[in-house]
$ cat data22.pdb   # PDB, C-alpha atoms and all ligand atoms
MODEL        1
ATOM      1  CA  MET A   1     -85.622-129.800 192.601  1.00  0.00           C
ATOM      2  CA  PHE A   2     -88.778-128.398 191.074  1.00  0.00           C
ATOM      3  CA  TYR A   3     -90.338-129.388 187.769  1.00  0.00           C
ATOM      4  CA  HIS A   4     -92.823-127.727 185.446  1.00  0.00           C
ATOM      5  CA  GLN A   5     -94.374-130.567 183.546  1.00  0.00           C
ATOM      6  CA  TYR A   6     -94.232-134.297 183.213  1.00  0.00           C
ATOM      7  CA  TYR A   7     -95.550-136.068 180.126  1.00  0.00           C
ATOM      8  CA  PRO A   8     -95.923-139.793 180.782  1.00  0.00           C
ATOM      9  CA  ILE A   9     -96.427-140.351 177.043  1.00  0.00           C
ATOM     10  CA  ASP A  10     -94.641-138.087 174.573  1.00  0.00           C
ATOM     11  CA  VAL A  11     -93.716-138.523 170.902  1.00  0.00           C
ATOM     12  CA  VAL A  12     -92.263-135.045 170.267  1.00  0.00           C
ATOM     13  CA  ASN A  13     -89.240-134.553 172.548  1.00  0.00           C
ATOM     14  CA  GLY A  14     -86.919-137.269 171.290  1.00  0.00           C
ATOM     15  CA  PRO A  15     -87.227-140.482 169.273  1.00  0.00           C
ATOM     16  CA  GLY A  16     -90.073-142.945 169.756  1.00  0.00           C
ATOM     17  CA  THR A  17     -92.612-142.974 172.543  1.00  0.00           C
ATOM     18  CA  ARG A  18     -91.091-141.548 175.700  1.00  0.00           C
ATOM     19  CA  CYS A  19     -91.608-139.966 179.081  1.00  0.00           C
ATOM     20  CA  THR A  20     -90.540-136.312 179.270  1.00  0.00           C
ATOM     21  CA  LEU A  21     -89.710-134.289 182.368  1.00  0.00           C
ATOM     22  CA  PHE A  22     -89.407-130.493 182.146  1.00  0.00           C
ATOM     23  CA  VAL A  23     -87.464-129.356 185.203  1.00  0.00           C
ATOM     24  CA  SER A  24     -87.405-125.835 186.668  1.00  0.00           C
ATOM     25  CA  GLY A  25     -84.374-123.566 186.773  1.00  0.00           C
ATOM     26  CA  CYS A  26     -82.341-122.052 183.964  1.00  0.00           C
ATOM     27  CA  GLU A  27     -79.637-119.383 184.074  1.00  0.00           C
ATOM     28  CA  HIS A  28     -78.972-119.005 180.334  1.00  0.00           C
ATOM     29  CA  GLN A  29     -81.573-116.308 179.559  1.00  0.00           C
ATOM     30  CA  CYS A  30     -81.612-117.027 175.829  1.00  0.00           C
ATOM     31  CA  ARG A  31     -83.365-114.328 173.826  1.00  0.00           C
ATOM     32  CA  GLY A  32     -86.501-115.827 172.315  1.00  0.00           C
ATOM     33  CA  CYS A  33     -86.699-118.594 174.946  1.00  0.00           C
ATOM     34  CA  TYR A  34     -89.989-120.430 174.510  1.00  0.00           C
ATOM     35  CA  ASN A  35     -90.080-121.447 178.149  1.00  0.00           C
ATOM     36  CA  GLN A  36     -89.280-118.420 180.325  1.00  0.00           C
ATOM     37  CA  SER A  37     -91.692-119.547 183.010  1.00  0.00           C
ATOM     38  CA  THR A  38     -89.207-122.313 183.852  1.00  0.00           C
ATOM     39  CA  TRP A  39     -86.274-120.012 184.631  1.00  0.00           C
ATOM     40  CA  ARG A  40     -86.864-119.755 188.384  1.00  0.00           C
ATOM     41  CA  THR A  41     -85.554-122.742 190.298  1.00  0.00           C
ATOM     42  CA  ASP A  42     -88.586-122.734 192.603  1.00  0.00           C
ATOM     43  CA  SER A  43     -91.261-122.431 189.909  1.00  0.00           C
ATOM     44  CA  GLY A  44     -93.600-125.305 189.183  1.00  0.00           C
ATOM     45  CA  HIS A  45     -93.979-128.253 191.541  1.00  0.00           C
ATOM     46  CA  PRO A  46     -91.621-129.917 194.015  1.00  0.00           C
ATOM     47  CA  PHE A  47     -90.090-133.082 192.583  1.00  0.00           C
ATOM     48  CA  THR A  48     -91.019-135.786 195.078  1.00  0.00           C
ATOM     49  CA  GLN A  49     -90.117-139.384 195.734  1.00  0.00           C
ATOM     50  CA  GLU A  50     -93.602-140.279 194.452  1.00  0.00           C
ATOM     51  CA  MET A  51     -92.871-138.575 191.137  1.00  0.00           C
ATOM     52  CA  ALA A  52     -89.573-140.414 190.812  1.00  0.00           C
ATOM     53  CA  ASP A  53     -91.360-143.713 191.521  1.00  0.00           C
ATOM     54  CA  ARG A  54     -94.035-142.860 188.955  1.00  0.00           C
ATOM     55  CA  ILE A  55     -91.431-142.195 186.259  1.00  0.00           C
ATOM     56  CA  ILE A  56     -89.718-145.521 186.958  1.00  0.00           C
ATOM     57  CA  ALA A  57     -93.088-147.293 186.785  1.00  0.00           C
ATOM     58  CA  ASP A  58     -94.009-145.542 183.525  1.00  0.00           C
ATOM     59  CA  LEU A  59     -90.698-146.514 181.936  1.00  0.00           C
ATOM     60  CA  ASN A  60     -91.311-150.127 182.913  1.00  0.00           C
ATOM     61  CA  ASP A  61     -94.958-150.102 181.788  1.00  0.00           C
ATOM     62  CA  THR A  62     -95.453-153.093 179.515  1.00  0.00           C
ATOM     63  CA  LYS A  63     -98.810-151.936 178.088  1.00  0.00           C
ATOM     64  CA  ILE A  64     -97.506-148.698 176.580  1.00  0.00           C
ATOM     65  CA  LYS A  65     -93.868-149.345 175.823  1.00  0.00           C
ATOM     66  CA  ARG A  66     -91.576-146.346 176.235  1.00  0.00           C
ATOM     67  CA  ARG A  67     -88.268-146.198 174.441  1.00  0.00           C
ATOM     68  CA  GLY A  68     -86.821-143.972 177.146  1.00  0.00           C
ATOM     69  CA  ILE A  69     -86.992-140.631 178.882  1.00  0.00           C
ATOM     70  CA  THR A  70     -86.189-137.048 177.962  1.00  0.00           C
ATOM     71  CA  PHE A  71     -84.996-134.406 180.426  1.00  0.00           C
ATOM     72  CA  SER A  72     -85.678-130.851 179.332  1.00  0.00           C
ATOM     73  CA  GLY A  73     -86.592-127.621 181.047  1.00  0.00           C
ATOM     74  CA  GLY A  74     -85.416-125.253 182.248  1.00  0.00           C
ATOM     75  CA  ASP A  75     -82.039-126.920 182.406  1.00  0.00           C
ATOM     76  CA  PRO A  76     -81.538-130.391 183.915  1.00  0.00           C
ATOM     77  CA  LEU A  77     -77.856-129.541 184.506  1.00  0.00           C
ATOM     78  CA  HIS A  78     -78.579-126.349 186.475  1.00  0.00           C
ATOM     79  CA  PRO A  79     -76.731-126.581 189.828  1.00  0.00           C
ATOM     80  CA  ALA A  80     -80.043-126.664 191.717  1.00  0.00           C
ATOM     81  CA  ASN A  81     -81.091-129.793 189.793  1.00  0.00           C
ATOM     82  CA  GLN A  82     -77.919-131.821 189.668  1.00  0.00           C
ATOM     83  CA  ALA A  83     -78.384-133.933 192.799  1.00  0.00           C
ATOM     84  CA  ASP A  84     -81.954-134.998 191.992  1.00  0.00           C
ATOM     85  CA  VAL A  85     -81.285-135.506 188.289  1.00  0.00           C
ATOM     86  CA  LEU A  86     -78.234-137.639 189.094  1.00  0.00           C
ATOM     87  CA  ALA A  87     -80.226-139.731 191.555  1.00  0.00           C
ATOM     88  CA  LEU A  88     -83.024-140.262 189.023  1.00  0.00           C
ATOM     89  CA  VAL A  89     -80.658-141.097 186.176  1.00  0.00           C
ATOM     90  CA  LYS A  90     -78.912-143.642 188.413  1.00  0.00           C
ATOM     91  CA  ARG A  91     -82.270-145.213 189.291  1.00  0.00           C
ATOM     92  CA  ILE A  92     -83.258-145.403 185.626  1.00  0.00           C
ATOM     93  CA  ARG A  93     -79.988-147.118 184.755  1.00  0.00           C
ATOM     94  CA  ALA A  94     -80.442-149.601 187.610  1.00  0.00           C
ATOM     95  CA  GLU A  95     -84.196-150.232 187.374  1.00  0.00           C
ATOM     96  CA  CYS A  96     -85.109-149.642 183.714  1.00  0.00           C
ATOM     97  CA  PRO A  97     -82.716-151.663 181.576  1.00  0.00           C
ATOM     98  CA  GLY A  98     -82.718-150.893 177.873  1.00  0.00           C
ATOM     99  CA  LYS A  99     -84.279-147.421 178.180  1.00  0.00           C
ATOM    100  CA  ASP A 100     -82.464-144.490 176.615  1.00  0.00           C
ATOM    101  CA  ILE A 101     -81.943-141.096 178.246  1.00  0.00           C
ATOM    102  CA  TRP A 102     -81.929-137.877 176.231  1.00  0.00           C
ATOM    103  CA  MET A 103     -81.166-134.506 177.772  1.00  0.00           C
ATOM    104  CA  TRP A 104     -81.337-130.901 176.584  1.00  0.00           C
ATOM    105  CA  THR A 105     -79.052-128.298 178.189  1.00  0.00           C
ATOM    106  CA  GLY A 106     -77.946-124.740 177.561  1.00  0.00           C
ATOM    107  CA  TYR A 107     -74.440-125.570 178.798  1.00  0.00           C
ATOM    108  CA  LEU A 108     -71.769-126.790 176.381  1.00  0.00           C
ATOM    109  CA  LEU A 109     -70.553-130.373 176.636  1.00  0.00           C
ATOM    110  CA  ALA A 110     -66.942-129.193 176.512  1.00  0.00           C
ATOM    111  CA  GLU A 111     -67.477-126.854 179.457  1.00  0.00           C
ATOM    112  CA  LEU A 112     -69.385-129.073 181.886  1.00  0.00           C
ATOM    113  CA  THR A 113     -68.304-129.174 185.520  1.00  0.00           C
ATOM    114  CA  PRO A 114     -67.303-132.487 187.145  1.00  0.00           C
ATOM    115  CA  ASP A 115     -70.751-132.657 188.807  1.00  0.00           C
ATOM    116  CA  GLN A 116     -72.478-132.185 185.452  1.00  0.00           C
ATOM    117  CA  GLN A 117     -70.175-134.739 183.826  1.00  0.00           C
ATOM    118  CA  GLU A 118     -71.195-137.287 186.439  1.00  0.00           C
ATOM    119  CA  ILE A 119     -74.711-137.023 185.008  1.00  0.00           C
ATOM    120  CA  THR A 120     -73.788-136.979 181.328  1.00  0.00           C
ATOM    121  CA  ALA A 121     -71.617-140.072 181.823  1.00  0.00           C
ATOM    122  CA  LEU A 122     -74.863-141.965 182.445  1.00  0.00           C
ATOM    123  CA  ILE A 123     -77.043-140.653 179.601  1.00  0.00           C
ATOM    124  CA  ASP A 124     -77.247-141.587 175.938  1.00  0.00           C
ATOM    125  CA  VAL A 125     -77.711-138.290 174.135  1.00  0.00           C
ATOM    126  CA  LEU A 126     -77.003-134.683 175.094  1.00  0.00           C
ATOM    127  CA  VAL A 127     -78.275-131.788 172.970  1.00  0.00           C
ATOM    128  CA  ASP A 128     -76.186-128.825 174.114  1.00  0.00           C
ATOM    129  CA  GLY A 129     -75.937-125.077 173.695  1.00  0.00           C
ATOM    130  CA  LYS A 130     -78.128-122.060 174.231  1.00  0.00           C
ATOM    131  CA  PHE A 131     -80.980-121.223 171.894  1.00  0.00           C
ATOM    132  CA  VAL A 132     -79.738-118.478 169.532  1.00  0.00           C
ATOM    133  CA  GLN A 133     -82.628-116.685 167.907  1.00  0.00           C
ATOM    134  CA  GLU A 134     -80.584-115.569 164.873  1.00  0.00           C
ATOM    135  CA  LEU A 135     -79.724-119.219 164.194  1.00  0.00           C
ATOM    136  CA  ALA A 136     -83.229-120.572 164.756  1.00  0.00           C
ATOM    137  CA  ASP A 137     -84.335-123.030 162.087  1.00  0.00           C
ATOM    138  CA  PRO A 138     -87.642-124.925 162.300  1.00  0.00           C
ATOM    139  CA  SER A 139     -86.358-127.552 159.860  1.00  0.00           C
ATOM    140  CA  LEU A 140     -83.745-128.778 162.366  1.00  0.00           C
ATOM    141  CA  VAL A 141     -84.486-132.097 164.051  1.00  0.00           C
ATOM    142  CA  TRP A 142     -84.250-132.110 167.872  1.00  0.00           C
ATOM    143  CA  ARG A 143     -82.668-128.626 167.863  1.00  0.00           C
ATOM    144  CA  GLY A 144     -84.048-125.097 167.944  1.00  0.00           C
ATOM    145  CA  SER A 145     -81.022-123.307 166.506  1.00  0.00           C
ATOM    146  CA  SER A 146     -78.141-124.485 164.355  1.00  0.00           C
ATOM    147  CA  ASN A 147     -75.421-123.816 166.969  1.00  0.00           C
ATOM    148  CA  GLN A 148     -76.816-126.608 169.118  1.00  0.00           C
ATOM    149  CA  VAL A 149     -75.190-130.030 168.751  1.00  0.00           C
ATOM    150  CA  ILE A 150     -76.619-133.516 169.246  1.00  0.00           C
ATOM    151  CA  HIS A 151     -73.970-135.550 171.046  1.00  0.00           C
ATOM    152  CA  TYR A 152     -74.540-139.304 170.857  1.00  0.00           C
ATOM    153  CA  LEU A 153     -72.603-140.245 173.969  1.00  0.00           C
ATOM    154  CA  ARG A 154     -73.442-143.938 174.229  1.00  0.00           C
ATOM    155  CA  GLN A 155     -75.273-144.901 171.051  1.00  0.00           C
ATOM    156  CA  PRO A 156     -74.849-144.425 167.290  1.00  0.00           C
ATOM    157  CA  ALA A 157     -76.501-141.406 165.599  1.00  0.00           C
ATOM    158  CA  GLU A 158     -80.152-141.803 164.611  1.00  0.00           C
TER     159      GLU A 158
HETATM  160  S1  LIG B   1     -81.497-122.888 177.791  1.00  0.00           S
HETATM  161 FE1  LIG B   1     -83.606-123.317 177.108  1.00  0.00          FE
HETATM  162  S2  LIG B   1     -84.902-122.853 178.900  1.00  0.00           S
HETATM  163 FE2  LIG B   1     -82.913-121.907 179.258  1.00  0.00          FE
HETATM  164  S3  LIG B   1     -83.135-119.789 178.545  1.00  0.00           S
HETATM  165 FE3  LIG B   1     -82.257-121.001 176.863  1.00  0.00          FE
HETATM  166  S4  LIG B   1     -84.028-121.668 175.627  1.00  0.00           S
HETATM  167 FE4  LIG B   1     -84.806-120.995 177.647  1.00  0.00          FE
ENDMDL
END
$ encode --input "data22.pdb" --output "structure tokens" --more "lines below"
Ligand code: SF4
Amino acid sequence: MFYHQYYPIDVVNGPGTRCTLFVSGCEHQCRGCYNQSTWRTDSGHPFTQEMADRIIADLNDTKIKRRGITFSGGDPLHPANQADVLALVKRIRAECPGKDIWMWTGYLLAELTPDQQEITALIDVLVDGKFVQELADPSLVWRGSSNQVIHYLRQPAE
């Protein structure tokens, strides 16, 4: 897997203070995409074991407490990312108790493949659907366009 950016401290992409990982690779080609540079699966930087270890350490940092982590992109559920995202999500569940996991995807929850469902079974919140420029609304919270849905998979709605 490749990633574009990692924010060890982020207060914009999900509730509370979080870590955010923007992975590379997206096949949705939404018109008006704000992040076209992430479409190629090999753009950005290789996601290494060191980066995974750093994320785990940041989530367990007691000086700056993170509520959890956000996966965005690109698309964390792109086939090229599934193995590494699943491995990282499993590590977070095992090594970072109490941290929540939010994920943005252009795929629809109802249409996920078994491999994608293996990942979403372990996360708290999935915001799904492509960005639709005609439905864009800056007043929406956590969503770019009104077709997108916030699915609270393991926790009550905020
Ligand atoms: S899903 Fe997101 S990253 Fe992918 S094309 Fe659409 S807006 Fe861009």
$ residues_near_ligand --input "data22.pdb" --ligand "ligand LIG 1 (chain B)" --cutoff "10 Å" --atoms "only C-alpha atoms and all ligand atoms" --output "PyMOL selection string"
chain A and resi 22-39+72-76+78+104-107+128-133+144-145
$ atom_distance --input "data22.pdb" --atom1 "atom CA of Arg40 of chain A" --atom2 "atom CA of Asn13 of chain A"
21.8 Å
$ atom_distance --input "data22.pdb" --atom1 "atom CA of Arg66 of chain A" --atom2 "atom CA of Arg18 of chain A"
4.9 Å
$ residues_near_point --input "data22.pdb" --point "(-69.7, -134.5, 188.7)" --cutoff "12 Å" --atoms "all atoms listed in the file" --output "MDAnalysis selection string"
chainID A and resid 77 79 82:83 85:86 112:122
$ atom_distance --input "data22.pdb" --atom1 "atom CA of Leu140 of chain A" --atom2 "atom CA of Leu59 of chain A"
27.3 Å
$ residues_around --input "data22.pdb" --residues "Gly44 of chain A" --least-positions-apart "6" --cutoff "7 Å" --atoms "all atoms listed in the file" --output "ChimeraX atom specification"
/A:2-4,24
$ residues_around --input "data22.pdb" --residues "Thr17 of chain A" --least-positions-apart "3" --cutoff "12 Å" --atoms "only C-alpha atoms" --output "number ranges by chain"
A: 7-14, 20, 58-59, 61, 64-70, 99-100
$ residues_around --input "data22.pdb" --residues "Leu126 of chain A" --least-positions-apart "6" --cutoff "7 Å" --atoms "only C-alpha atoms" --output "JSON, numbers by chain"
{"A": [102, 103, 104, 150, 151, 152]}
$ closest_residue --input "data22.pdb" --among "A:Leu21, A:Tyr6, A:Val127, A:Ala52" --to "Leu108 of chain A" --atoms "all atoms listed in the file"
A:Val127
$ closest_residue --input "data22.pdb" --among "A:Ser43, A:Glu95, A:Lys90, A:Ser139" --to "Ile56 of chain A" --atoms "all atoms listed in the file"
A:Glu95
$ axis_aligned_box --input "data22.pdb" --around "segment 12-25 of chain A" --padding-each-side "4 Å" --output "lines of an AutoDock Vina configuration file"
center_x = -88.5
center_y = -133.3
center_z = 178.0
size_x = 16.2
size_y = 27.4
size_z = 25.5
